[in-house]
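A.B. asks: Contents of run.txt (compact mmCIF, C-alpha atoms and all ligand atoms):
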```txt
# COMPACT_ATOMS: atom_id res chain seq x y z
CA MET A 1 -0.07 11.69 50.15
CA LEU A 2 3.19 13.35 51.13
CA THR A 3 4.85 12.82 54.52
CA LEU A 4 7.39 15.26 55.87
CA TYR A 5 9.83 14.04 58.51
CA TYR A 6 10.95 17.00 60.59
CA SER A 7 12.35 17.97 63.95
CA PRO A 8 11.01 21.12 65.63
CA GLY A 9 13.45 24.02 65.25
CA ALA A 10 15.72 22.17 62.80
CA CYS A 11 16.35 23.22 59.19
CA SER A 12 13.39 21.02 58.22
CA MET A 13 11.25 24.03 59.20
CA ALA A 14 12.00 25.41 55.70
CA SER A 15 10.34 22.47 53.92
CA HIS A 16 7.58 22.39 56.53
CA ILE A 17 6.65 26.03 55.79
CA GLY A 18 7.05 25.38 52.06
CA LEU A 19 4.42 22.62 52.15
CA GLU A 20 2.01 24.80 54.09
CA GLU A 21 2.55 27.80 51.79
CA ALA A 22 1.90 25.53 48.80
CA GLY A 23 -1.44 24.40 50.23
CA ALA A 24 -0.22 20.80 49.95
CA GLU A 25 -1.99 17.89 51.55
CA TYR A 26 0.64 16.25 53.72
CA GLU A 27 1.31 14.56 57.00
CA SER A 28 4.02 15.87 59.29
CA GLN A 29 5.93 13.27 61.22
CA PRO A 30 8.19 14.45 64.06
CA VAL A 31 11.64 12.83 64.26
CA LEU A 32 13.09 14.28 67.45
CA LEU A 33 16.81 14.93 67.03
CA ALA A 34 17.22 15.57 70.77
CA LYS A 35 15.95 12.05 71.45
CA GLY A 36 18.12 10.48 68.75
CA GLU A 37 15.08 9.41 66.72
CA HIS A 38 16.97 10.22 63.49
CA LYS A 39 19.36 7.34 64.22
CA THR A 40 16.73 4.63 64.74
CA GLU A 41 16.62 1.67 62.38
CA ALA A 42 13.13 2.71 61.26
CA TYR A 43 14.19 6.26 60.32
CA LEU A 44 17.44 5.18 58.68
CA LYS A 45 15.27 3.16 56.28
CA ILE A 46 13.65 6.45 55.25
CA ASN A 47 16.84 8.53 55.16
CA PRO A 48 20.03 6.45 55.49
CA ARG A 49 21.96 9.69 56.18
CA GLY A 50 19.99 10.14 59.41
CA LYS A 51 19.06 13.76 58.75
CA VAL A 52 15.89 15.79 58.55
CA PRO A 53 14.08 16.87 56.46
CA ALA A 54 12.98 13.93 54.35
CA LEU A 55 9.87 14.00 52.20
CA LYS A 56 8.15 10.73 51.37
CA THR A 57 6.33 10.98 48.05
CA GLU A 58 4.24 8.43 46.16
CA ASP A 59 7.39 7.69 44.11
CA GLY A 60 10.10 7.59 46.76
CA VAL A 61 11.88 9.69 49.35
CA LEU A 62 13.47 13.06 48.67
CA THR A 63 16.08 14.67 50.93
CA GLU A 64 17.76 18.11 51.10
CA ASN A 65 15.74 21.28 51.63
CA THR A 66 16.87 22.75 48.29
CA ALA A 67 15.48 19.76 46.39
CA ILE A 68 12.37 19.36 48.52
CA LEU A 69 11.44 23.03 48.22
CA THR A 70 12.03 23.00 44.45
CA TYR A 71 9.89 19.87 44.17
CA ILE A 72 7.08 21.45 46.23
CA ALA A 73 7.15 24.59 44.07
CA ARG A 74 7.00 22.52 40.87
CA ARG A 75 4.30 20.19 42.19
CA TYR A 76 2.07 23.07 43.32
CA PRO A 77 2.64 25.73 40.63
CA ALA A 78 -0.46 27.71 41.61
CA ALA A 79 1.28 28.75 44.84
CA ASN A 80 3.90 30.61 42.76
CA LEU A 81 6.82 29.70 45.01
CA LEU A 82 9.43 29.88 42.22
CA PRO A 83 9.85 32.43 39.42
CA LYS A 84 8.52 31.12 36.11
CA ASP A 85 11.50 32.27 34.03
CA ALA A 86 14.61 30.06 33.84
CA LEU A 87 17.02 32.65 35.21
CA GLY A 88 14.73 33.64 38.08
CA GLU A 89 14.26 30.00 39.03
CA ALA A 90 18.00 29.34 38.85
CA ARG A 91 18.72 32.39 41.02
CA CYS A 92 16.34 31.08 43.62
CA ILE A 93 18.01 27.66 43.57
CA SER A 94 21.39 29.40 43.79
CA THR A 95 20.32 31.21 46.99
CA MET A 96 18.95 27.99 48.52
CA ALA A 97 22.17 26.14 47.64
CA TRP A 98 24.19 28.88 49.39
CA LEU A 99 21.98 28.70 52.48
CA SER A 100 22.52 24.94 52.54
CA ASN A 101 26.22 24.69 51.74
CA THR A 102 27.59 27.81 53.46
CA VAL A 103 25.23 29.33 56.02
CA HIS A 104 24.03 26.08 57.60
CA PRO A 105 27.53 24.55 58.07
CA CYS A 106 28.72 27.70 59.94
CA PHE A 107 26.02 27.05 62.51
CA THR A 108 27.00 23.39 62.72
CA HIS A 109 30.43 24.58 63.92
CA VAL A 110 28.68 26.37 66.79
CA PHE A 111 26.25 23.59 67.63
CA ARG A 112 28.40 20.52 67.03
CA PRO A 113 32.08 21.58 67.29
CA GLU A 114 33.03 17.99 68.20
CA ARG A 115 32.37 17.04 64.58
CA PHE A 116 35.28 19.21 63.43
CA THR A 117 38.04 18.21 65.86
CA SER A 118 39.07 15.27 67.98
CA GLU A 119 40.73 17.68 70.47
CA GLU A 120 38.36 18.78 73.18
CA SER A 121 40.45 21.88 73.84
CA ALA A 122 39.97 23.05 70.23
CA GLN A 123 36.17 23.05 70.43
CA ALA A 124 35.75 26.49 72.00
CA GLY A 125 37.77 28.09 69.18
CA ILE A 126 35.76 26.27 66.52
CA LYS A 127 32.53 27.43 68.16
CA GLU A 128 33.73 31.03 68.29
CA THR A 129 34.88 31.08 64.66
CA GLY A 130 31.63 29.39 63.60
CA LYS A 131 29.61 32.01 65.46
CA ARG A 132 31.52 34.84 63.78
CA SER A 133 31.20 33.42 60.29
CA PHE A 134 27.54 32.55 60.90
CA PHE A 135 26.83 36.18 61.87
CA ALA A 136 28.75 37.42 58.81
CA ASN A 137 26.41 35.30 56.68
CA LEU A 138 23.37 36.72 58.45
CA GLN A 139 24.72 40.21 57.70
CA GLU A 140 24.96 39.18 54.05
CA ILE A 141 21.31 38.06 54.12
CA ASP A 142 20.45 41.43 55.71
CA GLY A 143 22.20 43.14 52.76
CA LEU A 144 20.38 40.94 50.23
CA LEU A 145 17.08 42.09 51.72
CA ALA A 146 17.81 45.83 51.40
CA GLY A 147 14.91 47.52 49.62
CA LYS A 148 13.14 44.21 49.01
CA GLU A 149 9.96 42.74 50.36
CA TRP A 150 11.17 39.14 50.00
CA LEU A 151 14.56 37.61 49.44
CA GLN A 152 14.16 37.45 45.66
CA GLY A 153 12.34 40.79 45.38
CA ALA A 154 8.59 41.27 45.02
CA GLN A 155 7.83 37.54 44.82
CA PHE A 156 7.69 35.36 47.93
CA THR A 157 9.68 32.24 47.01
CA THR A 158 11.04 29.06 48.54
CA CYS A 159 14.11 31.08 49.63
CA ASP A 160 12.05 32.89 52.26
CA PRO A 161 11.08 29.95 54.49
CA TYR A 162 14.67 28.72 54.23
CA ALA A 163 16.12 32.07 55.39
CA LEU A 164 13.76 32.09 58.40
CA VAL A 165 15.54 29.02 59.80
CA PHE A 166 18.76 31.01 60.16
CA TYR A 167 17.06 34.03 61.71
CA SER A 168 15.65 31.72 64.36
CA TRP A 169 19.05 30.08 64.95
CA GLY A 170 20.68 33.50 65.32
CA THR A 171 18.15 34.32 68.04
CA ARG A 172 18.77 30.94 69.66
CA ILE A 173 22.48 31.66 70.14
CA ASP A 174 21.86 35.26 71.24
CA LEU A 175 23.37 37.01 68.23
CA PRO A 176 22.43 40.72 68.01
CA MET A 177 19.66 40.08 65.48
CA LYS A 178 18.00 43.47 66.02
CA GLU A 179 21.09 45.09 64.44
CA LEU A 180 20.03 43.42 61.20
CA LYS A 181 17.30 45.88 60.34
CA ASN A 182 16.23 44.50 56.94
CA TYR A 183 16.33 40.90 58.09
CA THR A 184 14.32 41.75 61.24
CA ALA A 185 11.68 43.72 59.31
CA TRP A 186 11.43 40.80 56.85
CA LYS A 187 11.10 38.35 59.78
CA ASP A 188 8.16 40.44 61.06
CA ARG A 189 6.56 40.24 57.59
CA MET A 190 7.12 36.48 57.58
CA LEU A 191 5.39 36.16 60.95
CA LYS A 192 2.27 37.80 59.50
CA ARG A 193 1.82 34.97 57.00
CA PRO A 194 -0.77 32.43 58.18
CA ALA A 195 1.20 29.44 56.81
CA VAL A 196 4.37 30.56 58.59
CA ARG A 197 2.53 31.12 61.89
CA LYS A 198 0.87 27.72 61.64
CA ILE A 199 4.18 25.89 61.31
CA LEU A 200 5.94 27.99 63.96
CA GLU A 201 3.08 27.16 66.32
CA ARG A 202 3.25 23.47 65.46
CA GLU A 203 7.02 23.49 66.03
CA LYS A 204 6.65 25.71 69.13
CA ASN A 205 9.25 28.11 67.73
CA PRO A 206 10.31 30.83 70.22
CA LEU A 207 10.24 33.46 67.44
CA LEU A 208 6.49 33.64 68.00
CA GLN A 209 6.93 34.58 71.66
CA ALA A 210 9.61 37.14 70.85
CA ALA A 211 7.29 38.91 68.35
N1 LIG A 301 21.70 20.16 53.63
C1 LIG A 301 20.70 19.44 54.39
C2 LIG A 301 21.04 19.48 55.86
C3 LIG A 301 20.25 18.48 56.67
C4 LIG A 301 20.71 18.51 58.12
O1 LIG A 301 21.92 18.59 58.40
N2 LIG A 301 19.76 18.42 59.04
C5 LIG A 301 20.09 18.46 60.45
C6 LIG A 301 19.04 19.24 61.22
S1 LIG A 301 19.19 20.97 60.96
C7 LIG A 301 20.09 17.04 61.00
O2 LIG A 301 19.26 16.25 60.66
N3 LIG A 301 21.07 16.77 61.87
C8 LIG A 301 21.16 15.51 62.56
C9 LIG A 301 22.59 15.06 62.61
O3 LIG A 301 23.42 15.56 61.86
O4 LIG A 301 22.84 14.18 63.42
C10 LIG A 301 19.32 20.01 54.08
O5 LIG A 301 19.21 21.19 53.81
O6 LIG A 301 18.33 19.27 54.08
```
What is this structure when it is put down as structure tokens?

C.D. replies:
Amino acid sequence: MLTLYYSPGACSMASHIGLEEAGAEYESQPVLLAKGEHKTEAYLKINPRGKVPALKTEDGVLTENTAILTYIARRYPAANLLPKDALGEARCISTMAWLSNTVHPCFTHVFRPERFTSEESAQAGIKETGKRSFFANLQEIDGLLAGKEWLQGAQFTTCDPYALVFYSWGTRIDLPMKELKNYTAWKDRMLKRPAVRKILEREKNPLLQAA
């Protein structure tokens, strides 16, 4: 049996939706970041980096959304969460890697500016720059979605749950998300999926109220 360690509203929502979309049998175990539960001795034994998500499998723990989502797609092939051809699969991994290594860190500048400077007076500037570059990334996602049903085209893939995390973070920091027409229409399509709704309800995600 798989166990997903997640915190409501965190990037772990991507893997959480991935498991549900795959029809996997799994347990979901909250690790509340706001309460510091990711720094407890017990959790650090699961993920010594003190981050969510982490997925406990029968053969050990896996971290990083990109790897967890790829693993889920491979473990549950019937759910069709990754293209079957090598290039299509690699493109999907490429998009997830970009979400992880570029889009996510921009938001970290907004949410945790103290991690990027020891000068308190520099934090506001870091936040502002982070917000601007985060929105520029969301505009790029909006462009990627032009004329497409899902991020990779006609096929719903692991990239889609991952991109929903950043739509919800944009809303959280009051960015003008409605300006992003393709991304917003795609978000509405996402919210019609039973697996997505189930996880958003479990995580009490405000996107559901806004819809
Ligand atoms: N690249 C990682 C990022 C993991 C990550 O930074 N998770 C955040 C939540 S969004 C976390 O656990 N933060 C706690 C901390 O840094 O103290 C992934 O995609 O899994």

A.B. asks: The centre and edge lengths of an axis-aligned box containing all atoms of ligand LIG 301 (chain A) present in the file, extended by 5 Å on each side, are to be given in Å to one decimal, as AutoDock Vina command-line options.

C.D. replies:
```
--center_x 20.9 --center_y 17.7 --center_z 58.5 --size_x 15.1 --size_y 17.0 --size_z 19.8
```

A.B. asks: Which residues form the shell of 8 Å around ligand LIG 301 (chain A) when you count all atoms listed in the file, given as a VMD selection string?

C.D. replies: chain A and resid 7 9 to 12 33 38 to 39 50 to 54 63 to 66 100 to 101 104

A.B. asks: Compare A:Met190, A:Ala124, A:Arg202, A:Glu58 by their minimum atom-to-atom distance to Leu164 (chain A), counting only C-alpha atoms, and give me the closest one.

C.D. replies: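 Checking each of A:Met190, A:Ala124, A:Arg202, A:Glu58 against Leu164 (chain A), counting only C-alpha atoms, the winner is A:Met190.
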
A.B. asks: Using 9 Å as the limit and counting all atoms listed in the file, can you tabulate each residue of region 132-171 of chain A that touches region 69-85 of chain A, with its shortest atom-to-atom distance in Å and the two atoms involved, as a Markdown table?

C.D. replies:
```
| residue | atom | partner | partner_atom | distance |
| --- | --- | --- | --- | --- |
| A:Gln155 | CA | A:Pro83 | CA | 7.7 |
| A:Phe156 | CA | A:Leu81 | CA | 6.4 |
| A:Thr157 | CA | A:Leu81 | CA | 4.3 |
| A:Thr158 | CA | A:Leu81 | CA | 5.5 |
| A:Cys159 | CA | A:Leu69 | CA | 8.6 |
| A:Tyr162 | CA | A:Leu69 | CA | 8.9 |
```

A.B. asks: Restricted to C-alpha atoms, what would the selected residues look like written as a PDB file, in the frame of the given file?

C.D. replies:
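Writing the result to part-v1.pdb gives the following:
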```pdb
ATOM      1  CA  GLN A 155       7.830  37.540  44.820  1.00  0.00           C
ATOM      2  CA  PHE A 156       7.690  35.360  47.930  1.00  0.00           C
ATOM      3  CA  THR A 157       9.680  32.240  47.010  1.00  0.00           C
ATOM      4  CA  THR A 158      11.040  29.060  48.540  1.00  0.00           C
ATOM      5  CA  CYS A 159      14.110  31.080  49.630  1.00  0.00           C
ATOM      6  CA  TYR A 162      14.670  28.720  54.230  1.00  0.00           C
TER       7      TYR A 162
END
```

A.B. asks: Kindly give the distance, in Å, that separates CA of Asn182 (chain A) and CA of Asp142 (chain A), rounded to a single decimal.

C.D. replies: 5.4 Å

A.B. asks: Please compute the CA of Thr40 (chain A)-CA of Glu120 (chain A) distance, one decimal, in Å.

C.D. replies: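 Between these atoms lies a distance of 27.2 Å.
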
A.B. asks: With all atoms listed in the file counted and 10 Å as the cut-off, give the residues of region 18-136 of chain A in contact with region 193-199 of chain A, each with its shortest interatomic distance in Å and the pair that gives it, as a tab-separated table.

C.D. replies:
```
residue	atom	partner	partner_atom	distance
A:Gly18	CA	A:Ala195	CA	8.6
A:Leu19	CA	A:Ala195	CA	8.9
A:Glu20	CA	A:Ala195	CA	5.4
A:Glu21	CA	A:Ala195	CA	5.5
A:Ala22	CA	A:Ala195	CA	8.9
A:Gly23	CA	A:Ala195	CA	8.7
```

A.B. asks: Counting all atoms listed in the file, find the residues whose atoms lie at most 10 Å from (25.3, 31.1, 51.9) (file coordinates) and write them out as a list in words.

C.D. replies: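 The residues near that point, listed by chain and number, are Ser94, Thr95, Met96, Ala97, Trp98, Leu99, Ser100, Asn101, Thr102, Val103, His104, Pro105, Cys106, Phe134, Ala136, Asn137, Leu138, Glu140, Ile141 and Ala163 of chain A.
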
A.B. asks: Take the residues that were just selected and, keeping C-alpha atoms, output them as a PDB file, in the coordinates of the input.

C.D. replies:
```
ATOM      1  CA  SER A  94      21.390  29.400  43.790  1.00  0.00           C
ATOM      2  CA  THR A  95      20.320  31.210  46.990  1.00  0.00           C
ATOM      3  CA  MET A  96      18.950  27.990  48.520  1.00  0.00           C
ATOM      4  CA  ALA A  97      22.170  26.140  47.640  1.00  0.00           C
ATOM      5  CA  TRP A  98      24.190  28.880  49.390  1.00  0.00           C
ATOM      6  CA  LEU A  99      21.980  28.700  52.480  1.00  0.00           C
ATOM      7  CA  SER A 100      22.520  24.940  52.540  1.00  0.00           C
ATOM      8  CA  ASN A 101      26.220  24.690  51.740  1.00  0.00           C
ATOM      9  CA  THR A 102      27.590  27.810  53.460  1.00  0.00           C
ATOM     10  CA  VAL A 103      25.230  29.330  56.020  1.00  0.00           C
ATOM     11  CA  HIS A 104      24.030  26.080  57.600  1.00  0.00           C
ATOM     12  CA  PRO A 105      27.530  24.550  58.070  1.00  0.00           C
ATOM     13  CA  CYS A 106      28.720  27.700  59.940  1.00  0.00           C
ATOM     14  CA  PHE A 134      27.540  32.550  60.900  1.00  0.00           C
ATOM     15  CA  ALA A 136      28.750  37.420  58.810  1.00  0.00           C
ATOM     16  CA  ASN A 137      26.410  35.300  56.680  1.00  0.00           C
ATOM     17  CA  LEU A 138      23.370  36.720  58.450  1.00  0.00           C
ATOM     18  CA  GLU A 140      24.960  39.180  54.050  1.00  0.00           C
ATOM     19  CA  ILE A 141      21.310  38.060  54.120  1.00  0.00           C
ATOM     20  CA  ALA A 163      16.120  32.070  55.390  1.00  0.00           C
TER      21      ALA A 163
END
```

A.B. asks: Of the candidates A:Asp59, A:Glu27, A:Glu149, A:Glu41, which one gets nearest to Ala185 (chain A) if we count all atoms listed in the file?

C.D. replies: A:Glu149

A.B. asks: Which of these, A:Gly153, A:Val165, A:Lys192, A:Asn47, has the shortest distance to Cys92 (chain A) once you count all atoms listed in the file?

C.D. replies: A:Gly153

A.B. asks: Could you pull the residues within 12 Å of region 125-133 of chain A, counting all atoms listed in the file, minus those fewer than 5 positions along the same chain, as an NGL selection string?

C.D. replies: :A and (102-120 or 138-140 or 169-176)

A.B. asks: Between CA of Ala154 (chain A) and CA of Asn205 (chain A), what is the distance, to one decimal in Å?

C.D. replies: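 Computed distance, CA of Ala154 (chain A) to CA of Asn205 (chain A), equals 26.3 Å.
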
A.B. asks: Can you work out which one of A:Ala146, A:Leu55, A:Leu44, A:Leu32 has the shortest atom-to-atom distance to Pro8 (chain A), counting only C-alpha atoms?

C.D. replies: A:Leu32

A.B. asks: Fewer than 6 positions away in the same chain doesn't count, so skip those; otherwise give me all residues within 10 Å of Leu200 (chain A), counting all atoms listed in the file, as a list of chain:residue names.

C.D. replies: A:Pro8, A:Gly9, A:Met13, A:His16, A:Ile17, A:Leu191, A:Pro194, A:Pro206, A:Leu207, A:Leu208
